[in-house]
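Q: Provided herewith is a single structure, encoded as structure tokens, for subsequent inquiry.
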Amino acid sequence: MALKRSSIEDTTITATHSQRFRIAASTYLNSAPLTWSFLHGSKRELVDFFEAVPSRCAQLLASDEVDAALVPVIEYQRASNVSLVPDVCVGSRREVLSVVLVSQNSELENIRSVALDESSRTSATLLKIIFREFLELEPSWTTYNPNLREMLSANDAALIIGDPGMTFPREGLKVWDMAALWQRYTGLGFVFAMWMANDLHAEGARRIDFAAARDEGLASRLAIIDHYTTSLGLSSEIITRYLHENICFSIDEDLRRGLELYFLLAEKHGLIPKVKPLKTL
């Protein structure tokens, strides 16, 4: 049976009498093990799933149009009345591959203008931290649709995330992996996104059990690889390595320390008002 699934890009969510839990997430490859159970597995009848890019997921959760969403982690510091689902994340301890800064000819230290992927919140903040804290530079920032050609036509560099960040031709371009840059300067892993739930719907989120959904998704990696090999046009070897080596879906001490430092530096550089303590379901 097919899941009731909608795209937020062209759909307005309205209140219904449905008792099903409303969740929003992107269907990028990097989040596939976290969403697979809701789309194809044992939890598909428990939720109404709305597909949206990460920045839009943050908006939907903030406006209470969904009960929980897979949200860029920086938005936890900007949101009110939300809690984090513990231990479940989209993170990386090394190269992430799908979150990259791209330039045609500039060295990192010579970049003066950057086009930011409008889908991004966490990565855009991360990039600003890297420039301000570690390079002591302040390029101009402009937000674009994720079209690399257009982004680079008027800027020294472009930040692009998700599936578009994995599938563009890299020949003749300089590419910096954002998780690798963070690791270079801090020695720590990085958390890009986590499930967050509106506090009014915390009990429902606990019943959903996002950790169990993640585990089911990880057990379904062969099906995920088959699906995305077709949809992205990447080899099964690349996707297999990506899901096993580049992306991690649980938070260990390294990632927790990286997340805490990221929030502290975001506050230091005026990118969030004040660090608030982590609150989990």
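FYI, nothing fancy with the structure tokens labels: chains A, B, ... in order, residues from 1 per chain, ligands from 1 as they appear.
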Counting only C-alpha atoms, give me one row per residue of range 196-234 of chain A with an atom at most 10 Å from an atom of range 74-83 of chain A, showing the shortest contact pair and its distance in Å to one decimal, sorted by chain then residue number, as a Markdown table.

A:
```
| residue | atom | partner | partner_atom | distance |
| --- | --- | --- | --- | --- |
| A:Met196 | CA | A:Ser83 | CA | 5.5 |
| A:Ala197 | CA | A:Val82 | CA | 5.4 |
| A:Asn198 | CA | A:Val82 | CA | 4.5 |
| A:Asp199 | CA | A:Val82 | CA | 5.1 |
| A:Leu200 | CA | A:Asn81 | CA | 7.9 |
| A:His201 | CA | A:Val82 | CA | 9.3 |
| A:Ala202 | CA | A:Ser83 | CA | 7.6 |
| A:Ala205 | CA | A:Ser83 | CA | 9.9 |
```

Q: Residues of the last selection are to be written out with all heavy atoms, as a PDB file, in the first residue's frame.

A:
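part.pdb written:
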```pdb
ATOM      1  N   MET A 196      13.229  16.865  15.110  1.00  0.00           N
ATOM      2  CA  MET A 196      12.737  17.711  16.190  1.00  0.00           C
ATOM      3  C   MET A 196      11.225  17.620  16.211  1.00  0.00           C
ATOM      4  O   MET A 196      10.582  17.484  15.174  1.00  0.00           O
ATOM      5  CB  MET A 196      13.170  19.169  15.985  1.00  0.00           C
ATOM      6  CG  MET A 196      14.673  19.349  15.900  1.00  0.00           C
ATOM      7  SD  MET A 196      15.170  21.088  15.686  1.00  0.00           S
ATOM      8  CE  MET A 196      16.841  20.856  15.059  1.00  0.00           C
ATOM      9  N   ALA A 197      10.665  17.689  17.414  1.00  0.00           N
ATOM     10  CA  ALA A 197       9.216  17.590  17.574  1.00  0.00           C
ATOM     11  C   ALA A 197       8.692  18.796  18.327  1.00  0.00           C
ATOM     12  O   ALA A 197       9.341  19.299  19.254  1.00  0.00           O
ATOM     13  CB  ALA A 197       8.841  16.309  18.327  1.00  0.00           C
ATOM     14  N   ASN A 198       7.528  19.263  17.903  1.00  0.00           N
ATOM     15  CA  ASN A 198       6.818  20.288  18.658  1.00  0.00           C
ATOM     16  C   ASN A 198       6.497  19.730  20.040  1.00  0.00           C
ATOM     17  O   ASN A 198       6.026  18.592  20.173  1.00  0.00           O
ATOM     18  CB  ASN A 198       5.527  20.654  17.906  1.00  0.00           C
ATOM     19  CG  ASN A 198       4.788  21.802  18.532  1.00  0.00           C
ATOM     20  OD1 ASN A 198       4.459  21.785  19.709  1.00  0.00           O
ATOM     21  ND2 ASN A 198       4.490  22.809  17.726  1.00  0.00           N
ATOM     22  N   ASP A 199       6.763  20.501  21.071  1.00  0.00           N
ATOM     23  CA  ASP A 199       6.556  20.007  22.433  1.00  0.00           C
ATOM     24  C   ASP A 199       5.119  19.582  22.696  1.00  0.00           C
ATOM     25  O   ASP A 199       4.869  18.705  23.527  1.00  0.00           O
ATOM     26  CB  ASP A 199       6.968  21.079  23.445  1.00  0.00           C
ATOM     27  CG  ASP A 199       8.485  21.229  23.546  1.00  0.00           C
ATOM     28  OD1 ASP A 199       9.206  20.296  23.127  1.00  0.00           O
ATOM     29  OD2 ASP A 199       8.948  22.283  24.023  1.00  0.00           O
ATOM     30  N   LEU A 200       4.165  20.183  21.993  1.00  0.00           N
ATOM     31  CA  LEU A 200       2.770  19.788  22.151  1.00  0.00           C
ATOM     32  C   LEU A 200       2.530  18.361  21.665  1.00  0.00           C
ATOM     33  O   LEU A 200       1.549  17.724  22.055  1.00  0.00           O
ATOM     34  CB  LEU A 200       1.855  20.747  21.388  1.00  0.00           C
ATOM     35  CG  LEU A 200       1.790  22.183  21.899  1.00  0.00           C
ATOM     36  CD1 LEU A 200       0.954  23.039  20.953  1.00  0.00           C
ATOM     37  CD2 LEU A 200       1.222  22.224  23.311  1.00  0.00           C
ATOM     38  N   HIS A 201       3.424  17.860  20.817  1.00  0.00           N
ATOM     39  CA  HIS A 201       3.244  16.534  20.234  1.00  0.00           C
ATOM     40  C   HIS A 201       4.370  15.588  20.640  1.00  0.00           C
ATOM     41  O   HIS A 201       4.640  14.598  19.954  1.00  0.00           O
ATOM     42  CB  HIS A 201       3.190  16.654  18.713  1.00  0.00           C
ATOM     43  CG  HIS A 201       2.195  17.669  18.227  1.00  0.00           C
ATOM     44  ND1 HIS A 201       0.832  17.506  18.381  1.00  0.00           N
ATOM     45  CD2 HIS A 201       2.362  18.876  17.627  1.00  0.00           C
ATOM     46  CE1 HIS A 201       0.204  18.559  17.877  1.00  0.00           C
ATOM     47  NE2 HIS A 201       1.108  19.406  17.419  1.00  0.00           N
ATOM     48  N   ALA A 202       5.002  15.885  21.781  1.00  0.00           N
ATOM     49  CA  ALA A 202       6.148  15.090  22.215  1.00  0.00           C
ATOM     50  C   ALA A 202       5.762  13.635  22.477  1.00  0.00           C
ATOM     51  O   ALA A 202       6.510  12.718  22.121  1.00  0.00           O
ATOM     52  CB  ALA A 202       6.765  15.712  23.465  1.00  0.00           C
ATOM     53  N   ALA A 205       5.510  11.784  19.320  1.00  0.00           N
ATOM     54  CA  ALA A 205       6.836  11.541  18.746  1.00  0.00           C
ATOM     55  C   ALA A 205       7.512  10.366  19.430  1.00  0.00           C
ATOM     56  O   ALA A 205       8.202   9.567  18.784  1.00  0.00           O
ATOM     57  CB  ALA A 205       7.688  12.800  18.865  1.00  0.00           C
TER      58      ALA A 205
END
```

Q: Hey, what's within 12 Å of His269 in chain A if we count only C-alpha atoms and toss same-chain stuff fewer than 6 positions away? As an MDAnalysis selection string, please?

A: chainID A and resid 125:134 136 138 262:263 275

Q: Name all residues at most 9 Å from Arg20 in chain A (count only C-alpha atoms; drop same-chain ones fewer than 3 positions away) and give them as an NGL selection string.

A: :A and (17 or 45-48)

Q: Those same residues - N, CA and C atoms - I'd like them written as a PDB file, in the first residue's frame.

A:
```pdb
ATOM      1  N   HIS A  17      -8.921  15.834  10.560  1.00  0.00           N
ATOM      2  CA  HIS A  17      -9.304  15.031  11.716  1.00  0.00           C
ATOM      3  C   HIS A  17      -8.481  13.747  11.785  1.00  0.00           C
ATOM      4  N   GLU A  45       2.144   3.438   7.819  1.00  0.00           N
ATOM      5  CA  GLU A  45       0.733   3.668   8.127  1.00  0.00           C
ATOM      6  C   GLU A  45       0.530   4.539   9.364  1.00  0.00           C
ATOM      7  N   LEU A  46       1.618   4.892  10.022  1.00  0.00           N
ATOM      8  CA  LEU A  46       1.513   5.681  11.253  1.00  0.00           C
ATOM      9  C   LEU A  46       1.576   7.173  11.012  1.00  0.00           C
ATOM     10  N   VAL A  47       2.048   7.589   9.828  1.00  0.00           N
ATOM     11  CA  VAL A  47       2.336   9.003   9.620  1.00  0.00           C
ATOM     12  C   VAL A  47       1.776   9.487   8.289  1.00  0.00           C
ATOM     13  N   ASP A  48       1.573  10.784   8.226  1.00  0.00           N
ATOM     14  CA  ASP A  48       1.444  11.500   6.961  1.00  0.00           C
ATOM     15  C   ASP A  48       2.795  12.148   6.710  1.00  0.00           C
TER      16      ASP A  48
END
```

Q: Extract, using only C-alpha atoms, all DNA, RNA and protein residues at most 8 Å from Pro33 in chain A, discarding same-chain residues fewer than 2 positions from it, and format them as a list in words.

A: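 Listed by chain and then number, they are Asn30, Ser31, Thr35, Trp36, Ser37, Arg214, Asp215, Glu216, Gly217, Leu218, Ser220, Arg221 and Ile224 of chain A.
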
Q: If DSSP is run on the backbone, what residues of range 118-271 of chain A are strand (DSSP E or B)? A reply as JSON, numbers by chain would be ideal.

A: {"A": [140, 141, 142, 143, 144, 157, 158, 159, 160, 161, 174, 175, 176, 177, 190, 191, 192, 193, 194, 195, 196, 197, 198, 248, 249, 250]}

Q: Can you measure CA of Ile23 in chain A to CA of Phe50 in chain A for me? One decimal in Å is fine.

A: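 That distance, rounded to one decimal, is 6.2 Å.
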
Q: What does the structure give for the distance between CA of Asp64 in chain A and CA of Val85 in chain A, in Å to one decimal?

A: 16.8 Å

Q: Residues of range 40-112 of chain A in helix (DSSP H, G or I) according to DSSP, as a list of chain:residue names?

A: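 For range 40-112 of chain A, the helix (DSSP H, G or I) set is A:His40, A:Pro54, A:Ser55, A:Arg56, A:Cys57, A:Ala58, A:Gln59, A:Leu60, A:Leu61, A:Ala62, A:Val73, A:Ile74, A:Glu75, A:Tyr76, A:Gln77, A:Leu108, A:Glu109, A:Asn110.
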
Q: Which residue gives the smallest distance to Leu188 in chain A among A:Arg94, A:Arg44, A:Lys274, A:Arg207, with only C-alpha atoms counted?

A: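 Nearest candidate to Leu188 in chain A out of A:Arg94, A:Arg44, A:Lys274, A:Arg207: A:Arg94.
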
Q: Just the residues within 10 Å of Ala58 in chain A, please, counting only C-alpha atoms, with nothing from its chain fewer than 2 positions along; format it as a PyMOL selection string.

A: chain A and resi 24-25+52-56+60-63+66+68-76+78-79+121+196

Q: When you count only C-alpha atoms, which of these residues is closest to Phe21 in chain A: A:Lys174, A:Arg206, A:Arg112, A:Arg149?

A: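 Once distances to Phe21 in chain A are computed over only C-alpha atoms, the minimum belongs to A:Arg206.
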
Q: Need the shell around Leu97 in chain A: protein/DNA/RNA residues with any atom at most 12 Å away, counting only C-alpha atoms. Skip same-chain ones fewer than 5 positions apart. Format as a ChimeraX atom specification?

A: /A:29-30,91-92,102,160-168,170,175-181,238-239,241-243,245-247

Q: Which of these, A:Ala223, A:Gln104, A:Ser119, A:Ser236, has the shortest distance to Glu171 in chain A once you count only C-alpha atoms?

A: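 Checking each of A:Ala223, A:Gln104, A:Ser119, A:Ser236 against Glu171 in chain A, counting only C-alpha atoms, the winner is A:Gln104.
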
Q: Return the single residue from A:Thr229, A:Thr122, A:Thr143, A:Ser235 that is closest to Ala266 in chain A, with distances computed using only C-alpha atoms.

A: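 Between A:Thr229, A:Thr122, A:Thr143, A:Ser235, the residue approaching Ala266 in chain A most closely is A:Thr122.
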